[in-house]
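See below for target-v6.cif, which holds mmCIF, C-alpha atoms.
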```
data_target
loop_
_atom_site.group_PDB
_atom_site.id
_atom_site.type_symbol
_atom_site.label_atom_id
_atom_site.label_comp_id
_atom_site.auth_asym_id
_atom_site.auth_seq_id
_atom_site.Cartn_x
_atom_site.Cartn_y
_atom_site.Cartn_z
ATOM 1 C CA MET A 817 -123.528 -123.922 143.765
ATOM 2 C CA ILE A 818 -119.843 -124.457 143.091
ATOM 3 C CA GLY A 819 -117.953 -127.492 144.304
ATOM 4 C CA PRO A 820 -115.315 -130.056 143.395
ATOM 5 C CA ALA A 821 -117.683 -131.529 140.787
ATOM 6 C CA THR A 822 -118.599 -128.274 139.027
ATOM 7 C CA PRO A 823 -117.560 -128.633 135.374
ATOM 8 C CA GLU A 824 -114.977 -126.265 133.964
ATOM 9 C CA GLY A 825 -116.658 -123.812 131.632
ATOM 10 C CA THR A 826 -119.695 -123.317 133.887
ATOM 11 C CA LEU A 827 -120.969 -119.724 133.650
ATOM 12 C CA PHE A 828 -122.230 -117.891 136.741
ATOM 13 C CA GLU A 829 -124.129 -114.619 136.503
ATOM 14 C CA GLY A 830 -124.778 -112.006 139.148
ATOM 15 C CA ARG A 831 -127.936 -109.965 139.223
ATOM 16 C CA VAL A 832 -128.302 -106.856 137.060
ATOM 17 C CA HIS A 833 -127.491 -103.666 138.965
ATOM 18 C CA HIS A 834 -128.744 -100.223 138.017
ATOM 19 C CA MET A 835 -125.948 -97.751 138.672
ATOM 20 C CA SER A 836 -128.114 -94.937 139.939
ATOM 21 C CA ILE A 837 -126.569 -91.637 140.973
ATOM 22 C CA GLU A 838 -127.664 -92.438 144.542
ATOM 23 C CA ARG A 839 -125.550 -95.621 144.553
ATOM 24 C CA LEU A 840 -122.618 -93.716 143.016
ATOM 25 C CA LEU A 841 -122.931 -91.015 145.677
ATOM 26 C CA ALA A 842 -122.894 -93.617 148.435
ATOM 27 C CA PHE A 843 -119.778 -95.242 146.948
ATOM 28 C CA SER A 844 -117.731 -92.214 145.914
ATOM 29 C CA GLY A 845 -119.115 -89.312 147.918
ATOM 30 C CA GLY A 846 -117.113 -90.102 151.037
ATOM 31 C CA PRO A 847 -118.564 -90.995 154.447
ATOM 32 C CA PHE A 848 -121.936 -89.345 155.113
ATOM 33 C CA THR A 849 -120.321 -87.758 158.181
ATOM 34 C CA LEU A 850 -117.891 -85.830 155.953
ATOM 35 C CA ASN A 851 -118.132 -82.044 156.260
ATOM 36 C CA HIS A 852 -119.633 -80.675 153.043
ATOM 37 C CA TRP A 853 -120.656 -84.174 151.862
ATOM 38 C CA PRO A 854 -120.470 -85.249 149.095
ATOM 39 C CA ALA A 855 -116.870 -84.882 147.985
ATOM 40 C CA ARG A 856 -116.659 -83.428 144.476
ATOM 41 C CA ASN A 857 -115.197 -85.805 141.934
ATOM 42 C CA LEU A 858 -115.933 -87.152 138.461
ATOM 43 C CA HIS A 859 -117.655 -90.213 139.907
ATOM 44 C CA ILE A 860 -120.592 -88.167 141.199
ATOM 45 C CA ASP A 861 -120.359 -84.587 139.955
ATOM 46 C CA PRO A 862 -121.523 -83.850 136.364
ATOM 47 C CA GLU A 863 -119.323 -80.743 136.219
ATOM 48 C CA LYS A 864 -116.183 -82.620 137.279
ATOM 49 C CA ALA A 865 -117.048 -85.421 134.839
ATOM 50 C CA ALA A 866 -117.406 -82.867 132.017
ATOM 51 C CA GLU A 867 -114.005 -81.361 132.905
ATOM 52 C CA ALA A 868 -112.539 -84.836 132.385
ATOM 53 C CA GLY A 869 -114.337 -85.188 129.040
ATOM 54 C CA PHE A 870 -117.200 -87.454 130.123
ATOM 55 C CA PRO A 871 -120.888 -86.864 129.329
ATOM 56 C CA ALA A 872 -122.026 -87.965 132.803
ATOM 57 C CA PRO A 873 -120.562 -89.035 136.147
ATOM 58 C CA VAL A 874 -118.461 -92.191 135.774
ATOM 59 C CA ALA A 875 -118.765 -94.913 138.384
ATOM 60 C CA SER A 876 -115.529 -95.860 140.074
ATOM 61 C CA GLY A 877 -114.097 -98.955 138.420
ATOM 62 C CA LEU A 878 -113.952 -100.443 141.904
ATOM 63 C CA GLN A 879 -117.732 -100.234 142.148
ATOM 64 C CA ALA A 880 -118.148 -102.437 139.055
ATOM 65 C CA GLN A 881 -115.358 -104.704 140.266
ATOM 66 C CA GLY A 882 -117.213 -104.971 143.567
ATOM 67 C CA HIS A 883 -120.144 -106.644 141.834
ATOM 68 C CA ILE A 884 -117.758 -109.304 140.501
ATOM 69 C CA ILE A 885 -116.353 -109.800 144.004
ATOM 70 C CA ARG A 886 -119.884 -110.155 145.364
ATOM 71 C CA LEU A 887 -120.583 -112.909 142.798
ATOM 72 C CA LEU A 888 -117.354 -114.681 143.813
ATOM 73 C CA ILE A 889 -118.229 -114.464 147.520
ATOM 74 C CA ASP A 890 -121.660 -115.923 146.733
ATOM 75 C CA LEU A 891 -119.867 -118.828 145.044
ATOM 76 C CA LEU A 892 -116.915 -119.322 147.368
ATOM 77 C CA GLY A 893 -118.054 -118.038 150.743
ATOM 78 C CA ASP A 894 -115.560 -117.188 153.495
ATOM 79 C CA ALA A 895 -112.644 -118.616 151.525
ATOM 80 C CA TRP A 896 -112.654 -115.503 149.316
ATOM 81 C CA SER A 897 -111.621 -113.096 152.071
ATOM 82 C CA ARG A 898 -108.676 -115.350 153.030
ATOM 83 C CA THR A 899 -107.317 -116.628 149.723
ATOM 84 C CA GLY A 900 -109.068 -114.660 146.973
ATOM 85 C CA SER A 901 -107.043 -112.887 144.309
ATOM 86 C CA PHE A 902 -108.225 -110.791 141.412
ATOM 87 C CA HIS A 903 -106.374 -109.334 138.439
ATOM 88 C CA SER A 904 -108.541 -106.796 136.642
ATOM 89 C CA ARG A 905 -108.333 -104.374 133.749
ATOM 90 C CA PHE A 906 -110.684 -101.431 133.436
ATOM 91 C CA ARG A 907 -111.814 -101.268 129.820
ATOM 92 C CA ARG A 908 -114.877 -99.022 129.497
ATOM 93 C CA PRO A 909 -116.517 -96.449 131.760
ATOM 94 C CA VAL A 910 -119.811 -97.144 133.492
ATOM 95 C CA PHE A 911 -121.942 -94.001 133.582
ATOM 96 C CA ALA A 912 -124.578 -92.995 136.076
ATOM 97 C CA GLY A 913 -127.807 -94.587 134.856
ATOM 98 C CA ASP A 914 -126.135 -97.582 133.184
ATOM 99 C CA SER A 915 -126.942 -101.143 134.193
ATOM 100 C CA ILE A 916 -124.220 -103.735 134.685
ATOM 101 C CA GLN A 917 -123.991 -107.448 135.365
ATOM 102 C CA ALA A 918 -121.080 -109.428 136.787
ATOM 103 C CA LYS A 919 -120.215 -112.767 135.190
ATOM 104 C CA ALA A 920 -117.714 -115.494 136.020
ATOM 105 C CA ARG A 921 -116.769 -118.583 134.059
ATOM 106 C CA LEU A 922 -114.989 -121.413 135.839
ATOM 107 C CA ALA A 923 -111.769 -121.655 133.836
ATOM 108 C CA ALA A 924 -109.977 -124.313 135.840
ATOM 109 C CA ARG A 925 -110.516 -126.463 138.886
ATOM 110 C CA ARG A 926 -107.697 -128.402 140.531
ATOM 111 C CA ALA A 927 -108.502 -130.616 143.511
ATOM 112 C CA GLU A 928 -105.933 -132.306 145.680
ATOM 113 C CA ALA A 929 -106.086 -133.661 149.244
ATOM 114 C CA GLY A 930 -109.308 -131.876 150.176
ATOM 115 C CA VAL A 931 -108.194 -128.543 148.762
ATOM 116 C CA THR A 932 -109.610 -127.135 145.538
ATOM 117 C CA GLN A 933 -108.064 -124.279 143.583
ATOM 118 C CA TYR A 934 -110.651 -122.488 141.439
ATOM 119 C CA THR A 935 -109.700 -120.103 138.645
ATOM 120 C CA PHE A 936 -112.281 -117.929 136.908
ATOM 121 C CA ASP A 937 -112.444 -115.648 133.912
ATOM 122 C CA VAL A 938 -114.506 -112.739 135.181
ATOM 123 C CA TRP A 939 -116.032 -109.653 133.674
ATOM 124 C CA CYS A 940 -118.636 -106.985 134.231
ATOM 125 C CA GLU A 941 -120.872 -106.240 131.284
ATOM 126 C CA ARG A 942 -122.756 -103.021 130.582
ATOM 127 C CA HIS A 943 -126.332 -103.193 129.351
ATOM 128 C CA ASP A 944 -125.094 -102.330 125.832
ATOM 129 C CA GLY A 945 -122.866 -105.417 125.847
ATOM 130 C CA GLU A 946 -119.597 -103.509 126.318
ATOM 131 C CA ILE A 947 -117.185 -104.978 128.863
ATOM 132 C CA ALA A 948 -116.412 -102.503 131.642
ATOM 133 C CA VAL A 949 -114.063 -104.653 133.739
ATOM 134 C CA VAL A 950 -112.361 -107.889 132.745
ATOM 135 C CA GLY A 951 -109.919 -110.146 134.502
ATOM 136 C CA THR A 952 -109.121 -113.384 136.221
ATOM 137 C CA ALA A 953 -109.784 -114.438 139.784
ATOM 138 C CA ALA A 954 -108.566 -117.350 141.855
ATOM 139 C CA CYS A 955 -109.393 -118.825 145.249
ATOM 140 C CA THR A 956 -108.301 -121.843 147.278
ATOM 141 C CA VAL A 957 -111.065 -123.675 149.115
ATOM 142 C CA HIS A 958 -110.770 -126.346 151.782
ATOM 143 C CA GLU A 959 -113.571 -128.837 151.008
ATOM 144 C CA PRO A 960 -116.241 -129.217 152.163
ATOM 145 C CA ASN A 961 -116.724 -125.468 152.084
ATOM 146 C CA PRO A 962 -119.413 -124.443 154.582
ATOM 147 C CA GLY A 963 -119.485 -120.866 153.318
ATOM 148 C CA VAL A 964 -120.721 -121.744 149.854
ATOM 149 C CA GLN A 965 -124.193 -120.579 148.910
ATOM 150 C CA ALA A 966 -126.339 -121.347 145.927
ATOM 151 C CA ALA A 967 -125.522 -118.960 143.068
ATOM 152 C CA MET B 819 -92.577 -80.764 150.334
ATOM 153 C CA THR B 820 -94.943 -83.445 149.012
ATOM 154 C CA LYS B 821 -94.321 -84.396 145.381
ATOM 155 C CA PHE B 822 -97.108 -84.472 142.831
ATOM 156 C CA ALA B 823 -98.289 -88.060 142.300
ATOM 157 C CA GLN B 824 -96.909 -88.173 138.747
ATOM 158 C CA ASP B 825 -93.462 -87.056 139.984
ATOM 159 C CA LEU B 826 -93.047 -89.897 142.461
ATOM 160 C CA GLU B 827 -90.275 -92.366 141.721
ATOM 161 C CA THR B 828 -89.797 -96.081 142.304
ATOM 162 C CA GLY B 829 -89.342 -96.688 146.021
ATOM 163 C CA ASP B 830 -91.138 -93.507 147.092
ATOM 164 C CA ALA B 831 -93.741 -93.973 149.816
ATOM 165 C CA LEU B 832 -96.923 -91.933 150.083
ATOM 166 C CA ALA B 833 -98.143 -90.865 153.512
ATOM 167 C CA PRO B 834 -99.928 -93.778 155.235
ATOM 168 C CA LEU B 835 -103.612 -93.719 156.056
ATOM 169 C CA SER B 836 -105.387 -94.944 159.199
ATOM 170 C CA PHE B 837 -109.133 -95.168 159.643
ATOM 171 C CA THR B 838 -111.782 -97.030 161.603
ATOM 172 C CA VAL B 839 -114.944 -98.203 159.871
ATOM 173 C CA THR B 840 -118.207 -97.497 161.673
ATOM 174 C CA PRO B 841 -121.307 -99.670 161.105
ATOM 175 C CA GLU B 842 -122.938 -96.705 159.346
ATOM 176 C CA TRP B 843 -120.038 -96.199 156.953
ATOM 177 C CA ASN B 844 -119.961 -99.928 156.180
ATOM 178 C CA GLN B 845 -123.688 -99.909 155.458
ATOM 179 C CA GLN B 846 -123.155 -96.984 153.096
ATOM 180 C CA TYR B 847 -121.110 -99.362 150.917
ATOM 181 C CA CYS B 848 -123.690 -102.117 151.386
ATOM 182 C CA TYR B 849 -126.263 -99.684 149.989
ATOM 183 C CA ALA B 850 -123.979 -98.641 147.116
ATOM 184 C CA GLN B 851 -123.492 -102.297 146.166
ATOM 185 C CA GLU B 852 -127.013 -103.511 147.012
ATOM 186 C CA ASP B 853 -125.276 -106.117 149.144
ATOM 187 C CA PHE B 854 -126.681 -106.572 152.637
ATOM 188 C CA ASP B 855 -125.050 -109.934 153.312
ATOM 189 C CA PRO B 856 -125.257 -110.607 157.093
ATOM 190 C CA ARG B 857 -121.460 -110.872 157.205
ATOM 191 C CA TYR B 858 -121.396 -107.040 156.831
ATOM 192 C CA THR B 859 -124.252 -106.229 159.179
ATOM 193 C CA GLY B 860 -123.919 -108.828 161.960
ATOM 194 C CA THR B 861 -121.715 -108.864 165.063
ATOM 195 C CA PRO B 862 -118.800 -108.816 164.531
ATOM 196 C CA ALA B 863 -119.319 -107.274 161.111
ATOM 197 C CA GLU B 864 -116.803 -107.668 158.322
ATOM 198 C CA VAL B 865 -115.811 -104.541 156.441
ATOM 199 C CA HIS B 866 -117.301 -104.579 152.948
ATOM 200 C CA PRO B 867 -114.523 -105.456 150.451
ATOM 201 C CA THR B 868 -115.315 -102.475 148.225
ATOM 202 C CA LEU B 869 -114.773 -100.126 151.181
ATOM 203 C CA LEU B 870 -111.328 -101.702 151.663
ATOM 204 C CA LEU B 871 -110.547 -101.363 147.964
ATOM 205 C CA SER B 872 -111.822 -97.804 147.902
ATOM 206 C CA MET B 873 -109.786 -96.735 150.941
ATOM 207 C CA SER B 874 -106.624 -98.442 149.710
ATOM 208 C CA ALA B 875 -106.538 -96.381 146.500
ATOM 209 C CA ASN B 876 -103.459 -94.160 146.262
ATOM 210 C CA THR B 877 -105.760 -91.151 146.027
ATOM 211 C CA LYS B 878 -106.754 -91.796 149.661
ATOM 212 C CA SER B 879 -103.216 -91.228 150.964
ATOM 213 C CA PRO B 880 -103.124 -87.961 152.932
ATOM 214 C CA GLY B 881 -100.039 -87.111 150.850
ATOM 215 C CA PHE B 882 -101.675 -87.658 147.452
ATOM 216 C CA LYS B 883 -101.459 -84.529 145.339
ATOM 217 C CA LEU B 884 -102.137 -84.087 141.633
ATOM 218 C CA ALA B 885 -100.521 -81.336 139.570
ATOM 219 C CA PRO B 886 -103.034 -78.674 138.477
ATOM 220 C CA ASP B 887 -105.312 -79.701 135.583
ATOM 221 C CA THR B 888 -104.196 -83.328 135.640
ATOM 222 C CA GLY B 889 -106.007 -86.526 136.500
ATOM 223 C CA SER B 890 -105.167 -90.146 137.142
ATOM 224 C CA ILE B 891 -106.763 -93.247 135.663
ATOM 225 C CA LEU B 892 -106.667 -96.738 137.156
ATOM 226 C CA SER B 893 -106.013 -99.055 134.218
ATOM 227 C CA GLU B 894 -105.195 -102.355 135.886
ATOM 228 C CA GLN B 895 -105.194 -103.838 139.348
ATOM 229 C CA LEU B 896 -104.114 -106.948 141.201
ATOM 230 C CA CYS B 897 -105.593 -107.484 144.638
ATOM 231 C CA ARG B 898 -105.080 -110.338 147.075
ATOM 232 C CA PHE B 899 -107.242 -110.873 150.141
ATOM 233 C CA PHE B 900 -105.657 -112.484 153.209
ATOM 234 C CA HIS B 901 -108.069 -111.949 156.088
ATOM 235 C CA PRO B 902 -111.404 -110.203 156.703
ATOM 236 C CA ALA B 903 -111.243 -106.747 158.308
ATOM 237 C CA HIS B 904 -113.731 -105.912 161.036
ATOM 238 C CA VAL B 905 -115.878 -102.894 161.787
ATOM 239 C CA GLY B 906 -114.640 -100.948 164.812
ATOM 240 C CA LYS B 907 -110.974 -101.928 164.461
ATOM 241 C CA ARG B 908 -108.357 -99.476 163.207
ATOM 242 C CA ILE B 909 -107.160 -100.200 159.683
ATOM 243 C CA ASP B 910 -103.789 -98.978 158.385
ATOM 244 C CA VAL B 911 -102.800 -98.575 154.749
ATOM 245 C CA ALA B 912 -99.206 -98.165 153.532
ATOM 246 C CA PHE B 913 -98.549 -96.984 149.969
ATOM 247 C CA ARG B 914 -95.366 -97.342 147.903
ATOM 248 C CA VAL B 915 -94.441 -96.855 144.246
ATOM 249 C CA THR B 916 -92.901 -100.180 143.260
ATOM 250 C CA ARG B 917 -92.383 -99.725 139.520
ATOM 251 C CA ILE B 918 -92.648 -97.217 136.697
ATOM 252 C CA TYR B 919 -92.852 -98.445 133.112
ATOM 253 C CA THR B 920 -93.774 -97.228 129.648
ATOM 254 C CA LYS B 921 -96.206 -99.104 127.425
ATOM 255 C CA GLN B 922 -97.630 -97.834 124.132
ATOM 256 C CA GLU B 923 -96.013 -94.469 124.844
ATOM 257 C CA LYS B 924 -97.879 -94.147 128.137
ATOM 258 C CA ARG B 925 -96.110 -93.951 131.483
ATOM 259 C CA PHE B 926 -97.550 -96.199 134.162
ATOM 260 C CA HIS B 927 -96.947 -95.967 137.891
ATOM 261 C CA VAL B 928 -97.443 -99.130 139.929
ATOM 262 C CA VAL B 929 -98.498 -98.365 143.493
ATOM 263 C CA GLU B 930 -98.623 -101.135 146.078
ATOM 264 C CA SER B 931 -101.081 -100.680 148.934
ATOM 265 C CA THR B 932 -100.723 -102.887 151.999
ATOM 266 C CA VAL B 933 -103.717 -103.023 154.335
ATOM 267 C CA THR B 934 -103.315 -104.296 157.911
ATOM 268 C CA ASP B 935 -105.486 -104.051 161.003
ATOM 269 C CA GLU B 936 -104.563 -102.689 164.429
ATOM 270 C CA GLU B 937 -103.182 -106.091 165.440
ATOM 271 C CA GLY B 938 -100.885 -106.156 162.426
ATOM 272 C CA THR B 939 -102.905 -108.824 160.604
ATOM 273 C CA LEU B 940 -102.445 -108.585 156.849
ATOM 274 C CA ILE B 941 -105.842 -107.931 155.265
ATOM 275 C CA LEU B 942 -105.238 -106.996 151.653
ATOM 276 C CA LYS B 943 -102.440 -106.285 149.209
ATOM 277 C CA ARG B 944 -103.246 -104.306 146.133
ATOM 278 C CA GLU B 945 -101.150 -103.330 143.128
ATOM 279 C CA SER B 946 -102.580 -100.503 141.036
ATOM 280 C CA HIS B 947 -101.344 -99.480 137.585
ATOM 281 C CA LEU B 948 -102.031 -95.791 137.093
ATOM 282 C CA ILE B 949 -101.734 -93.393 134.175
ATOM 283 C CA PHE B 950 -101.501 -89.661 134.746
ATOM 284 C CA GLY B 951 -102.686 -87.230 132.138
ATOM 285 C CA ARG B 952 -103.932 -83.764 131.505
ATOM 286 C CA ALA B 953 -107.633 -83.209 132.206
ATOM 287 C CA LYS B 954 -109.508 -82.056 129.079
#
```
In structure tokens, write the structure found in this file.
Amino acid sequence: MIGPATPEGTLFEGRVHHMSIERLLAFSGGPFTLNHWPARNLHIDPEKAAEAGFPAPVASGLQAQGHIIRLLIDLLGDAWSRTGSFHSRFRRPVFAGDSIQAKARLAARRAEAGVTQYTFDVWCERHDGEIAVVGTAACTVHEPNPGVQAA
Amino acid sequence: MTKFAQDLETGDALAPLSFTVTPEWNQQYCYAQEDFDPRYTGTPAEVHPTLLLSMSANTKSPGFKLAPDTGSILSEQLCRFFHPAHVGKRIDVAFRVTRIYTKQEKRFHVVESTVTDEEGTLILKRESHLIFGRAK
């Protein structure tokens, strides 16, 4: 659980996610109601991925980033969707079949008059240790924060 | 005539996008992310943030067009969330090229996406740094 007493430097880890082709299809294939679903793109189609020089379909960077956002929502609750900000860089591709894990380290915590500003270093790590997405995130929370869950 | 994405200039707008998220579409993203938090499945249900990010990509503009045999890569992104979006409400996305710069001999386009709901509430602002290149 994160709160005004959480020490700076605390590391939070999301669960490990297997990026199966089914999950990639659901994310990047377009709505299931789409005519001729799924859409053809390098995120789900081996042929399109090969045309772009990749050995397998590449998950959208937003899908990996989404796992970081999920971790932040678990930590910060409703405050995230009202004051959350996220600066990210996309470093390495995540291929269909890879596993990834979101991580966040509390970089700074500033509390004043019942309001706490949290800043995190965040990243999403592939199972081989390579960093797929890296960045910083920030959120302002009015304490006590009822939306916070145990991480 | 619609320009190719890589030919857009600072200040150019891409065609806006409007859509309404159904519970089924939202749950598709919940499945993709293995994230069935009740906030996305209850009543009223919030739109999953990855669906908002996905639909606010410049590639989702009805006017997005790549030149033949080229592709675009998202290298960097800044997103700011202002309010939850809800399932069943219309969502509008406006796209504009706000900056073009060169770094390490690569040309980057910065596209700002502004997401609002049918009541005009600001939901999300997103700034995407994109590189265009020839597909291999």
Q: Kindly provide, as number ranges by chain, the polymer residues lying within 7 Å of (-113.0, -98.4, 163.6), counting all atoms listed in the file and using the coordinates exactly as they appear in the file.
A: B: 837-840, 905-908
Q: Spell out the residues picked by the PyMOL selection byres ((chain B and resi 949) around 8) here, as an MDAnalysis selection string.
A: chainID B and resid 890:893 924:927 947:948 950:951
Q | d(atom CA of B:Gln845, atom CA of B:Lys883) in Å | A | 28.9 Å
**Q.** Given the PyMOL selection byres ((chain B) within 10 of (chain A)), the residues it picks as number ranges by chain
**A.** B: 839-840, 842-853, 855, 857, 864, 866-869, 871-873, 875, 887-889, 891-903, 940-947, 952-954
Residue subset to file, keeping C-alpha atoms, as a PDB file, keeping the file's coordinate frame:
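And here is the file that came out, out05.pdb:
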```pdb
ATOM      1  CA  VAL B 839    -114.944 -98.203 159.871  1.00  0.00           C
ATOM      2  CA  THR B 840    -118.207 -97.497 161.673  1.00  0.00           C
ATOM      3  CA  GLU B 842    -122.938 -96.705 159.346  1.00  0.00           C
ATOM      4  CA  TRP B 843    -120.038 -96.199 156.953  1.00  0.00           C
ATOM      5  CA  ASN B 844    -119.961 -99.928 156.180  1.00  0.00           C
ATOM      6  CA  GLN B 845    -123.688 -99.909 155.458  1.00  0.00           C
ATOM      7  CA  GLN B 846    -123.155 -96.984 153.096  1.00  0.00           C
ATOM      8  CA  TYR B 847    -121.110 -99.362 150.917  1.00  0.00           C
ATOM      9  CA  CYS B 848    -123.690-102.117 151.386  1.00  0.00           C
ATOM     10  CA  TYR B 849    -126.263 -99.684 149.989  1.00  0.00           C
ATOM     11  CA  ALA B 850    -123.979 -98.641 147.116  1.00  0.00           C
ATOM     12  CA  GLN B 851    -123.492-102.297 146.166  1.00  0.00           C
ATOM     13  CA  GLU B 852    -127.013-103.511 147.012  1.00  0.00           C
ATOM     14  CA  ASP B 853    -125.276-106.117 149.144  1.00  0.00           C
ATOM     15  CA  ASP B 855    -125.050-109.934 153.312  1.00  0.00           C
ATOM     16  CA  ARG B 857    -121.460-110.872 157.205  1.00  0.00           C
ATOM     17  CA  GLU B 864    -116.803-107.668 158.322  1.00  0.00           C
ATOM     18  CA  HIS B 866    -117.301-104.579 152.948  1.00  0.00           C
ATOM     19  CA  PRO B 867    -114.523-105.456 150.451  1.00  0.00           C
ATOM     20  CA  THR B 868    -115.315-102.475 148.225  1.00  0.00           C
ATOM     21  CA  LEU B 869    -114.773-100.126 151.181  1.00  0.00           C
ATOM     22  CA  LEU B 871    -110.547-101.363 147.964  1.00  0.00           C
ATOM     23  CA  SER B 872    -111.822 -97.804 147.902  1.00  0.00           C
ATOM     24  CA  MET B 873    -109.786 -96.735 150.941  1.00  0.00           C
ATOM     25  CA  ALA B 875    -106.538 -96.381 146.500  1.00  0.00           C
ATOM     26  CA  ASP B 887    -105.312 -79.701 135.583  1.00  0.00           C
ATOM     27  CA  THR B 888    -104.196 -83.328 135.640  1.00  0.00           C
ATOM     28  CA  GLY B 889    -106.007 -86.526 136.500  1.00  0.00           C
ATOM     29  CA  ILE B 891    -106.763 -93.247 135.663  1.00  0.00           C
ATOM     30  CA  LEU B 892    -106.667 -96.738 137.156  1.00  0.00           C
ATOM     31  CA  SER B 893    -106.013 -99.055 134.218  1.00  0.00           C
ATOM     32  CA  GLU B 894    -105.195-102.355 135.886  1.00  0.00           C
ATOM     33  CA  GLN B 895    -105.194-103.838 139.348  1.00  0.00           C
ATOM     34  CA  LEU B 896    -104.114-106.948 141.201  1.00  0.00           C
ATOM     35  CA  CYS B 897    -105.593-107.484 144.638  1.00  0.00           C
ATOM     36  CA  ARG B 898    -105.080-110.338 147.075  1.00  0.00           C
ATOM     37  CA  PHE B 899    -107.242-110.873 150.141  1.00  0.00           C
ATOM     38  CA  PHE B 900    -105.657-112.484 153.209  1.00  0.00           C
ATOM     39  CA  HIS B 901    -108.069-111.949 156.088  1.00  0.00           C
ATOM     40  CA  PRO B 902    -111.404-110.203 156.703  1.00  0.00           C
ATOM     41  CA  ALA B 903    -111.243-106.747 158.308  1.00  0.00           C
ATOM     42  CA  LEU B 940    -102.445-108.585 156.849  1.00  0.00           C
ATOM     43  CA  ILE B 941    -105.842-107.931 155.265  1.00  0.00           C
ATOM     44  CA  LEU B 942    -105.238-106.996 151.653  1.00  0.00           C
ATOM     45  CA  LYS B 943    -102.440-106.285 149.209  1.00  0.00           C
ATOM     46  CA  ARG B 944    -103.246-104.306 146.133  1.00  0.00           C
ATOM     47  CA  GLU B 945    -101.150-103.330 143.128  1.00  0.00           C
ATOM     48  CA  SER B 946    -102.580-100.503 141.036  1.00  0.00           C
ATOM     49  CA  HIS B 947    -101.344 -99.480 137.585  1.00  0.00           C
ATOM     50  CA  ARG B 952    -103.932 -83.764 131.505  1.00  0.00           C
ATOM     51  CA  ALA B 953    -107.633 -83.209 132.206  1.00  0.00           C
ATOM     52  CA  LYS B 954    -109.508 -82.056 129.079  1.00  0.00           C
TER      53      LYS B 954
END
```
Q. Applied to the shown file, which residues does the PyMOL selection byres ((chain A and resi 829) around 9) return, written as a PyMOL selection string?
A. chain A and resi 827-828+830-832+887+917-921+967
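A straight line drawn from atom CA of A:Asn857 to atom CA of A:Glu946 is 24.0 Å long.
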Q | Point-to-point distance from atom CA of A:Arg856 to atom CA of B:Asn876, Å rounded to tenths | A |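 Separating atom CA of A:Arg856 from atom CA of B:Asn876 is a distance of 17.1 Å.
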